[in-house]
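S.K.: Before I ask anything, let me first share the structure, which is written out below as structure tokens.
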Amino acid sequence: MTTTAAAAPAFTDTPLVIGGRTFRSRLMVGTGKYKDNATMVGAIEASGAEIVTVAVRRVSLDRTKEEGVLYHLDPSRFFLLANTAGCYTAEDAMRYARLAREAGFNEFIKLEVIGDQQTLLPDTTGLLEATKQLAREGFQVMAYTNEDLITALRLEDAGAAAVMPLASPIGSGLGLLNPYHVRIIKSRLKVPVIVDAGVGTASDACLTLEQGVDGILMNTAIADAQDPIAMAHAMRLATESGRAAYLAGRMPKREIAVPSSPSKGMLG
Amino acid sequence: MIAALPRLHAVTDDRVVGEARVVERAAAMAAAAGPLLAVHLRARTLPGGAFLSLARDLASALAPHGSWLVVNDRADVARAARARAIVSGRGGLSVEDVRRVAPGVPVGRSVHEPAEISAAHAEGADFLVAGAVYATPSHPAEPPRGLEVVRRAAATSLPVIAIGGLTPSRAREVVEAGAWGVAAIRALWDAADPAAAAGAFLAALPARADIGVVINGESRRARAGISLLDLLADLDLDARAVVVEHNRRIVRREALGTTPVAEGDVLELVHFVGGG
């Protein structure tokens, strides 16, 4: 007997559309924390991601090193999503967002307003305020938030182009702590829901996409892996796998066994 | 951060402060020199209450002309009187401690020798008062340091005010040695006409070919009369890869070549780095 491996995916998916733009990959990756730029570029390639996040920081005036990420990453090949990481007030986050837009790539901003240094959990009051104002200024705001339905709904009302509930705290690698709430958020929002932060390994990504969310964003899980390029590859497969499983529709869970083989035709 | 630090500094001492007409004389100099003048209140013998009262009188006399009140050593008085800057002298509070008492007020340190210059720079002082350049009867025990103290202080790239035996005829050489401005006690306060004396100092101060700006939180010197685009080129930065915030306003890339850089400007130059 011969077998033929199916090359093409056996499912058809709708494209991911955020703020009027269509993206092919549901995996988005960060560019921070890599031990060197070659590893970063290799990992991003292996992830198949189209959207990559970057941070806005002061240039180094002493010119001892080329630390700008654009010296290593071709901006024509990737969609640069600037973040406001490190901002603790709405005002600061808006200042960073405006600077990022002036770089001239796009109107998208991954909006973070951090409320606590230890957990890096979001300040949802500041986040809502900044979302409202930036949306008014024409930004496509992708708002990093808690896995809280009410905040997610308010962010959508405030004009967010996408809502980004966390899986668990940034850089924690704890995985998807609250699949139920993430699922609820997805079921109630019209804008895309992208889970951002907290995944640790491929099964976390797969489980996240199985909840039906539109995408996932990660940085540390890849950059801090022993082999970031191999982990990026695993995350790509897991994201695709989780999405495919979601679209396929899983079987219901039962608390009793149901035999897979016919009970008829057993020997007498 | 220094917004347009004045170039002429009229420094008081206990003797000047003891004279009845100090506020009146300060006002006369302020009328002549406007925002180019700073009056330093320095009095070691005055008790706190009298010190603050005099500081407030001076502040009200100077403010209408845009002149600065600078309080020496007493950070508490500086804060209460809303002084524009504080100078901490030898053995005085550190820059950090001054900021604890009076946050947001620029802090200068008075420096005399290389070790003090490096220490003040490392502490994060906003400007330096360097001397004594020439022999001065105000500090007979203090050896004159010559122009060398000005050169060394200016090497930090912080704005430097030269002090010690300064007269209008000596103003040019200290500025050529790198001083941003000059400070004097007797040559101003003891003059028959302090306003005329202040005018004579200002007339003698050559225009500086460079200006003080703050770039990414660091005090820097920049060529006078250049545009933001020139400044980026001087810093060896690629204008296409940098976003410029100029006094809290973003400058579009197309406008960089036509936006001039001015004394006291605060610039943030940012770019994209790796992030999550």
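Residues in the structure tokens are named by chain (A, B, ... in the order shown) and by number from 1 within that chain; ligands are numbered from 1 in the order shown.
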Show which residues sit within 7 Å of Val199 (chain A), as a count of residues only. Count only C-alpha atoms, and ignore same-chain residues fewer than 4 positions away.

M.R.: 9

S.K.: Any idea which chain A residues end up within 6 Å of chain B if we count only C-alpha atoms, as a PyMOL selection string please?

M.R.: chain A and resi 30-32+53-59+68-69+103+219

S.K.: Using only C-alpha atoms, which residues sit within 7 Å of Ala195 (chain B) once same-chain residues fewer than 2 positions away are excluded, as an MDAnalysis selection string?

M.R.: chainID B and resid 28:29 32 193 197:199

S.K.: I want to know what sits within 9 Å of Tyr246 (chain A), based on only C-alpha atoms, with residues of the same chain fewer than 5 positions away left out; could you give that as a PyMOL selection string?

M.R.: chain A and resi 209-212+241

S.K.: Please produce an output containing N, CA, C and O atoms for each residue in the selection, written as a tab-separated table (two decimals), in the first residue's frame.

M.R.:
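This went into selection-v5.tsv:
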chain	number	residue	atom	x	y	z
A	209	LEU	N	-5.05	29.61	20.09
A	209	LEU	CA	-5.75	29.70	18.81
A	209	LEU	C	-6.99	28.81	18.79
A	209	LEU	O	-7.97	29.11	18.11
A	210	GLU	N	-6.96	27.71	19.54
A	210	GLU	CA	-8.13	26.83	19.61
A	210	GLU	C	-9.33	27.52	20.24
A	210	GLU	O	-10.46	27.07	20.08
A	211	GLN	N	-9.09	28.62	20.96
A	211	GLN	CA	-10.22	29.36	21.56
A	211	GLN	C	-10.97	30.18	20.51
A	211	GLN	O	-11.98	30.78	20.81
A	212	GLY	N	-10.42	30.25	19.30
A	212	GLY	CA	-11.11	30.98	18.24
A	212	GLY	C	-10.65	32.41	18.07
A	212	GLY	O	-11.21	33.15	17.25
A	241	SER	N	-1.81	25.08	13.65
A	241	SER	CA	-2.50	23.91	14.15
A	241	SER	C	-3.70	24.29	15.01
A	241	SER	O	-4.82	23.76	14.85

S.K.: Figure out the distance between CA of Leu99 (chain A) and CA of Ala222 (chain B), please, to one decimal in Å.

M.R.: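 Rounded to one decimal, the two atoms are 23.1 Å apart.
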
S.K.: I'd like to know which residues of region 21-220 of chain B are helix (DSSP H, G or I) (by DSSP, run on the backbone); could you write them as an NGL selection string?

M.R.: :B and (22-36 or 48-65 or 75-80 or 95-101 or 114-123 or 147-154 or 168-176 or 186-189 or 194-204)
